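Below is coords_12.cif, holding mmCIF, C-alpha atoms.
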```
data_entry
#
loop_
_atom_site.label_atom_id
_atom_site.label_comp_id
_atom_site.auth_asym_id
_atom_site.auth_seq_id
_atom_site.Cartn_x
_atom_site.Cartn_y
_atom_site.Cartn_z
CA MET A 1 -10.37 -5.64 -16.38
CA ILE A 2 -8.42 -5.57 -13.10
CA LEU A 3 -9.81 -4.53 -9.72
CA VAL A 4 -7.60 -3.01 -7.02
CA ALA A 5 -8.97 -2.76 -3.49
CA GLU A 6 -6.79 -0.27 -1.61
CA ASP A 7 -7.73 2.35 0.99
CA GLN A 8 -4.57 4.47 0.65
CA VAL A 9 -4.88 7.22 -1.97
CA VAL A 10 -1.12 7.27 -2.70
CA LEU A 11 -1.16 3.57 -3.55
CA ARG A 12 -4.33 3.85 -5.63
CA ASP A 13 -2.66 6.57 -7.69
CA LEU A 14 0.40 4.36 -8.08
CA TYR A 15 -1.72 1.45 -9.32
CA LYS A 16 -3.42 3.77 -11.82
CA LEU A 17 -0.05 4.88 -13.16
CA ILE A 18 1.18 1.29 -13.48
CA PHE A 19 -1.90 0.02 -15.28
CA GLU A 20 -1.95 3.02 -17.59
CA LYS A 21 1.62 2.08 -18.52
CA LEU A 22 0.57 -1.54 -19.06
CA LYS A 23 -2.48 -0.41 -21.09
CA ILE A 24 -4.82 -2.55 -19.00
CA THR A 25 -8.24 -1.38 -17.81
CA LEU A 26 -8.33 -0.79 -14.06
CA ILE A 27 -11.05 0.02 -11.56
CA THR A 28 -10.34 0.77 -7.91
CA ALA A 29 -12.19 0.38 -4.63
CA GLU A 30 -11.48 2.31 -1.44
CA THR A 31 -13.30 -0.07 0.93
CA GLY A 32 -13.98 -3.77 1.16
CA GLU A 33 -17.69 -3.21 0.65
CA GLU A 34 -17.05 -1.25 -2.54
CA ALA A 35 -14.66 -3.96 -3.78
CA LEU A 36 -17.31 -6.63 -3.25
CA LYS A 37 -19.89 -4.65 -5.21
CA LEU A 38 -17.54 -3.84 -8.11
CA ALA A 39 -16.26 -7.41 -8.38
CA LEU A 40 -19.79 -8.78 -8.69
CA GLU A 41 -20.94 -6.15 -11.19
CA ASN A 42 -17.97 -6.15 -13.59
CA PRO A 43 -16.03 -8.69 -15.71
CA ILE A 44 -13.03 -8.77 -13.38
CA GLU A 45 -10.10 -10.94 -14.49
CA LEU A 46 -8.02 -10.53 -11.33
CA ILE A 47 -8.19 -8.67 -8.00
CA PHE A 48 -5.33 -7.11 -6.06
CA MET A 49 -6.80 -7.11 -2.55
CA ASP A 50 -5.31 -5.13 0.32
CA ILE A 51 -5.74 -7.33 3.37
CA ASN A 52 -5.89 -4.58 6.00
CA MET A 53 -8.77 -2.33 5.04
CA PRO A 54 -11.29 -0.53 7.23
CA GLY A 55 -14.72 -2.15 7.28
CA MET A 56 -14.62 -5.50 5.51
CA THR A 57 -11.09 -6.90 5.47
CA GLY A 58 -9.54 -8.46 2.40
CA TYR A 59 -10.12 -11.90 3.92
CA GLU A 60 -13.82 -11.17 4.35
CA VAL A 61 -14.28 -9.77 0.85
CA ALA A 62 -12.49 -12.73 -0.75
CA GLY A 63 -14.52 -15.22 1.25
CA GLU A 64 -17.80 -13.56 0.32
CA LEU A 65 -16.83 -13.43 -3.35
CA ARG A 66 -16.03 -17.14 -3.40
CA LYS A 67 -19.38 -17.90 -1.76
CA LYS A 68 -21.07 -15.98 -4.57
CA GLY A 69 -19.21 -17.94 -7.26
CA PHE A 70 -16.42 -15.51 -8.17
CA LYS A 71 -13.76 -17.56 -10.00
CA SER A 72 -11.00 -15.14 -10.99
CA PRO A 73 -7.66 -15.00 -9.09
CA ILE A 74 -7.55 -12.93 -5.90
CA ILE A 75 -4.12 -11.67 -4.89
CA ALA A 76 -3.58 -10.61 -1.28
CA VAL A 77 -1.49 -7.43 -0.99
CA THR A 78 0.35 -6.83 2.26
CA GLY A 79 3.42 -5.07 3.60
CA GLY A 80 6.73 -6.85 3.94
CA GLY A 81 8.56 -7.50 7.19
CA ALA A 82 6.25 -7.80 10.20
CA ASP A 83 3.13 -7.53 8.04
CA ALA A 84 4.24 -10.52 5.99
CA GLU A 85 5.00 -12.50 9.13
CA ASP A 86 1.60 -11.66 10.60
CA LEU A 87 -0.30 -12.64 7.46
CA ASP A 88 -2.70 -15.46 8.27
CA ARG A 89 -1.95 -17.88 5.45
CA ASP A 90 -4.51 -20.42 6.66
CA ARG A 91 -7.14 -17.71 6.60
CA CYS A 92 -6.02 -16.73 3.08
CA LYS A 93 -6.51 -20.31 1.93
CA GLU A 94 -9.91 -20.58 3.60
CA ALA A 95 -11.01 -17.30 2.00
CA GLY A 96 -10.00 -18.47 -1.47
CA ILE A 97 -7.04 -16.13 -1.91
CA ASP A 98 -4.71 -17.44 -4.61
CA ASP A 99 -1.43 -15.56 -4.28
CA LEU A 100 0.50 -12.88 -2.42
CA LEU A 101 2.08 -9.55 -3.38
CA TYR A 102 4.21 -7.40 -1.09
CA LYS A 103 4.15 -3.61 -0.74
CA PRO A 104 5.53 -1.27 -1.89
CA VAL A 105 4.33 -2.49 -5.29
CA LYS A 106 6.39 -1.92 -8.43
CA LEU A 107 5.48 -2.21 -12.09
CA ARG A 108 7.66 -5.32 -12.45
CA ASP A 109 5.82 -6.98 -9.53
CA ILE A 110 2.42 -6.33 -11.09
CA ASP A 111 3.63 -7.40 -14.53
CA ALA A 112 5.04 -10.66 -13.13
CA MET A 113 1.82 -11.45 -11.26
CA LEU A 114 -0.33 -10.83 -14.34
CA SER A 115 1.91 -13.10 -16.38
CA LYS A 116 1.84 -15.80 -13.72
CA TRP A 117 -1.94 -15.88 -13.82
CA HIS A 118 -2.07 -15.62 -17.63
CA ILE A 119 -3.94 -12.32 -17.63
CA THR A 120 -1.73 -10.93 -20.38
CA GLU A 121 0.94 -12.33 -22.70
CA ARG A 122 4.15 -10.78 -21.40
CA LYS A 123 7.52 -11.93 -20.18
CA ALA A 124 7.59 -11.75 -16.40
CA PRO A 125 10.34 -9.50 -15.02
CA SER A 126 12.27 -10.53 -11.94
CA PRO A 127 10.04 -9.95 -8.92
CA VAL A 128 11.12 -7.87 -5.96
CA LYS A 129 12.09 -9.80 -2.85
CA PRO A 130 9.45 -9.79 -0.09
CA GLY A 131 9.64 -6.72 2.07
CA GLU A 132 12.06 -4.85 -0.17
CA SER A 133 12.03 -1.16 0.70
CA PRO A 134 14.13 1.97 0.22
CA GLY A 135 17.76 1.33 1.02
CA GLY A 136 20.53 3.27 2.65
CA ASN A 137 20.33 5.65 5.59
CA LYS A 138 18.36 8.43 3.92
CA ALA A 139 15.18 9.60 5.63
CA PHE A 140 13.85 10.36 2.13
CA ASP A 141 15.04 8.43 -0.92
CA SER A 142 14.03 10.40 -4.01
CA VAL A 143 15.60 7.87 -6.39
CA TYR A 144 13.49 5.06 -4.94
CA MET A 145 10.34 7.20 -5.05
CA LEU A 146 10.88 8.16 -8.69
CA ASP A 147 11.59 4.56 -9.66
CA THR A 148 8.35 3.49 -7.97
CA PHE A 149 6.39 6.08 -9.96
CA LEU A 150 8.09 5.12 -13.24
CA ASN A 151 10.10 8.35 -13.27
CA ASN A 152 6.93 10.40 -13.63
CA THR A 153 8.42 13.31 -11.71
CA GLU A 154 5.36 15.54 -11.89
CA MET A 155 3.04 12.92 -10.42
CA ALA A 156 5.55 11.75 -7.81
CA ASN A 157 6.19 15.30 -6.60
CA LYS A 158 2.48 16.10 -6.37
CA LEU A 159 1.88 12.95 -4.36
CA LEU A 160 4.88 13.73 -2.16
CA ILE A 161 3.44 17.15 -1.30
CA ARG A 162 0.06 15.56 -0.58
CA PHE A 163 1.70 12.86 1.51
CA ILE A 164 3.53 15.42 3.67
CA GLU A 165 0.32 17.36 4.30
CA ARG A 166 -1.77 14.25 5.00
CA SER A 167 0.86 12.65 7.23
CA LYS A 168 1.23 15.81 9.31
CA ALA A 169 -2.53 15.81 9.92
CA GLN A 170 -2.56 12.07 10.68
CA ILE A 171 0.24 12.33 13.22
CA GLU A 172 -1.46 15.30 14.88
CA SER A 173 -4.69 13.28 15.08
CA LEU A 174 -2.85 10.60 17.07
CA GLU A 175 -2.01 13.04 19.86
CA GLY A 176 -3.95 11.99 22.92
CA LYS A 177 -4.69 8.50 21.59
CA GLU A 178 -2.47 6.77 24.13
CA LYS A 179 -4.62 3.68 24.36
CA ALA A 180 -5.05 0.95 21.79
CA GLY A 181 -7.80 1.54 19.28
CA GLU A 182 -8.74 0.35 15.83
CA GLU A 183 -8.87 3.88 14.42
CA ALA A 184 -5.42 4.83 15.72
CA GLY A 185 -3.94 1.54 14.55
CA GLN A 186 -5.43 2.05 11.09
CA ILE A 187 -3.89 5.53 10.88
CA ALA A 188 -0.48 4.10 11.75
CA HIS A 189 -0.99 1.33 9.19
CA MET A 190 -1.86 3.81 6.42
CA LEU A 191 1.09 6.03 7.32
CA LYS A 192 3.43 3.03 7.20
CA GLY A 193 2.38 1.88 3.73
CA ALA A 194 2.44 5.33 2.19
CA ALA A 195 5.80 6.18 3.76
CA PHE A 196 7.52 3.13 2.26
CA THR A 197 5.98 3.92 -1.14
CA MET A 198 7.20 7.53 -1.01
CA GLY A 199 10.80 6.53 -0.20
CA GLY A 200 10.59 7.03 3.58
CA ARG A 201 12.01 3.84 5.01
CA LYS A 202 12.73 5.18 8.50
CA LEU A 203 9.31 6.79 8.78
CA GLY A 204 7.69 3.57 7.57
CA GLU A 205 9.58 1.53 10.15
CA ALA A 206 8.62 3.94 12.92
CA ALA A 207 4.97 3.80 11.86
CA ALA A 208 5.14 -0.01 11.80
CA ALA A 209 6.37 -0.02 15.42
CA LEU A 210 3.56 2.34 16.40
CA GLU A 211 0.97 0.19 14.64
CA LEU A 212 2.25 -2.85 16.54
CA ALA A 213 2.05 -0.97 19.84
CA TYR A 214 -1.59 -0.07 19.19
CA GLN A 215 -2.36 -3.67 18.21
CA ASN A 216 -0.72 -5.07 21.34
CA GLY A 217 -2.03 -2.41 23.71
CA THR A 218 1.48 -1.54 24.87
CA GLU A 219 3.05 1.82 25.70
CA ILE A 220 2.44 4.38 22.95
CA GLU A 221 4.44 7.47 23.92
CA ALA A 222 7.87 6.27 22.76
CA PRO A 223 6.84 4.86 19.34
CA LEU A 224 4.64 7.91 18.69
CA SER A 225 7.59 10.17 19.53
CA SER A 226 9.73 8.16 17.09
CA VAL A 227 7.13 8.67 14.36
CA ARG A 228 7.08 12.43 14.98
CA GLU A 229 10.88 12.62 14.87
CA ALA A 230 11.12 10.45 11.73
CA PHE A 231 8.45 12.55 10.02
CA ASP A 232 10.22 15.82 10.83
CA VAL A 233 13.46 14.56 9.26
CA PHE A 234 11.61 13.09 6.27
CA LYS A 235 9.72 16.36 5.76
CA LYS A 236 12.92 18.43 5.80
CA GLU A 237 14.74 16.18 3.32
CA ALA A 238 11.69 15.89 1.06
CA GLU A 239 11.12 19.64 1.02
CA ASP A 240 14.81 20.25 0.34
CA TYR A 241 14.38 17.98 -2.69
CA LEU A 242 11.09 19.57 -3.80
CA TYR A 243 12.17 23.17 -3.51
CA ALA A 244 15.84 22.91 -4.45
CA LYS A 245 16.87 25.78 -6.71
#
```
Go ahead and express the file in the form of structure tokens.
Amino acid sequence: MILVAEDQVVLRDLYKLIFEKLKITLITAETGEEALKLALENPIELIFMDINMPGMTGYEVAGELRKKGFKSPIIAVTGGGADAEDLDRDRCKEAGIDDLLYKPVKLRDIDAMLSKWHITERKAPSPVKPGESPGGNKAFDSVYMLDTFLNNTEMANKLLIRFIERSKAQIESLEGKEKAGEEAGQIAHMLKGAAFTMGGRKLGEAAAALELAYQNGTEIEAPLSSVREAFDVFKKEAEDYLYAK
């Protein structure tokens, strides 16, 4: 049994699709506290642990699990690029984290990690390079999105519609939050991860810049404006794809 700790609904749905394809039992946790409880109450063989979660962070959950005698591998999951550079590897080691996986996750990445840690007998596919994300100059890359969701068009399209609606509400909620704050930074972080997963490289990059601005307490207006503009273009291209006749 595998445990995934991930606060973003789009990514939790992606993990579910991947593990259904791999025919491996999966349970998911939305918060660090829930992950801690599930890991201690179930026969977990491996954990994919999002590092940046609200409440208990991935570092804190891993450290607490090791204190309580949890022995199975814990894999830190983080974004590529700036996220990967900011990852505190010393803190990972101190917390008892065994390995690292970069978002956006793909089936081949999960499969390779499970093989590496001898969770299943399978030939490991070639892993994706750290920080790999949708290519080209498209605001919305439908080919990348469909590949991520194993060409399950129905699921991908439903999640795309949900992502557009949720992202619109998230961006609107940031209006007026000019100053640094954990809540605003977390919203930008969630938007970033989901955007890359849904094939929105430019939106993801804009959200990453906004997240960094909140973290550093620097000027917010320009990066927030970039997020709004990137979202508007993404939304138009995505809806053109969704509703093409």
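Computed from the coordinates, the CA of Lys103 in chain A to CA of Lys116 in chain A distance equals 18.0 Å.
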Next on the checklist: Going by the chain IDs and residue numbers used in this file, which residues fall under the PyMOL selection byres ((chain A and resi 196) around 10)? Write them as a list in words.
Outcome noted: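 Here the PyMOL selection byres ((chain A and resi 196) around 10) matches Gly79, Lys103, Pro104, Val105, Glu132, Ser133, Pro134, Phe140, Asp141, Tyr144, Met145, Leu191, Lys192, Gly193, Ala194, Ala195, Thr197, Met198, Gly199, Gly200, Arg201, Lys202, Leu203, Gly204, Glu205 and Ala207 of chain A.
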Can you spit out the residues from that selection as a compact mmCIF listing (two decimals), in the frame of the given file, using C-alpha atoms?
```txt
# COMPACT_ATOMS: atom_id res chain seq x y z
CA GLY A 79 3.42 -5.07 3.60
CA LYS A 103 4.15 -3.61 -0.74
CA PRO A 104 5.53 -1.27 -1.89
CA VAL A 105 4.33 -2.49 -5.29
CA GLU A 132 12.06 -4.85 -0.17
CA SER A 133 12.03 -1.16 0.70
CA PRO A 134 14.13 1.97 0.22
CA PHE A 140 13.85 10.36 2.13
CA ASP A 141 15.04 8.43 -0.92
CA TYR A 144 13.49 5.06 -4.94
CA MET A 145 10.34 7.20 -5.05
CA LEU A 191 1.09 6.03 7.32
CA LYS A 192 3.43 3.03 7.20
CA GLY A 193 2.38 1.88 3.73
CA ALA A 194 2.44 5.33 2.19
CA ALA A 195 5.80 6.18 3.76
CA THR A 197 5.98 3.92 -1.14
CA MET A 198 7.20 7.53 -1.01
CA GLY A 199 10.80 6.53 -0.20
CA GLY A 200 10.59 7.03 3.58
CA ARG A 201 12.01 3.84 5.01
CA LYS A 202 12.73 5.18 8.50
CA LEU A 203 9.31 6.79 8.78
CA GLY A 204 7.69 3.57 7.57
CA GLU A 205 9.58 1.53 10.15
CA ALA A 207 4.97 3.80 11.86
```
Item to check | Selection as a list of chain:residue names: residues within 7 Å of (-10.0, -18.5, -8.1), counting all atoms listed in the file | outcome: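 Using all atoms listed in the file, the matching residues come out as A:Lys71, A:Ser72, A:Pro73, A:Ile74, A:Gly96, A:Asp98.
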Next on the checklist: I need the residue nearest Ala95 in chain A from this list: A:Ile110, A:Ile119, A:Leu65, A:Asp232. Use only C-alpha atoms for the distance.
Outcome noted: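 For Ala95 in chain A, the nearest of the given residues is A:Leu65.
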Checklist entry - For this file, the PyMOL selection byres ((chain A and resi 14) around 12) selects which residues, as a VMD selection string? => result chain A and resid 4 6 8 to 13 15 to 21 26 28 103 to 107 110 145 to 152 155 to 156 159 to 160 194 197 to 198
Checklist entry - Between CA of Leu210 in chain A and CA of Glu229 in chain A, what is the spacing in Å? => result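 Result for CA of Glu229 in chain A versus CA of Leu210 in chain A: 12.7 Å, one decimal.
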Next on the checklist: Please compute the CA of Met1 in chain A-CA of Ile47 in chain A distance, one decimal, in Å.
Outcome noted: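 Value for the CA of Met1 in chain A-CA of Ile47 in chain A distance: 9.2 Å.
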Next on the checklist: Assuming the chain letters and numbering stay as they are in my file, what does the PyMOL selection byres ((chain A and resi 34) around 12) actually select? List them as a PyMOL selection string.
Outcome noted: chain A and resi 3-7+27-33+35-41+49+53-58+61
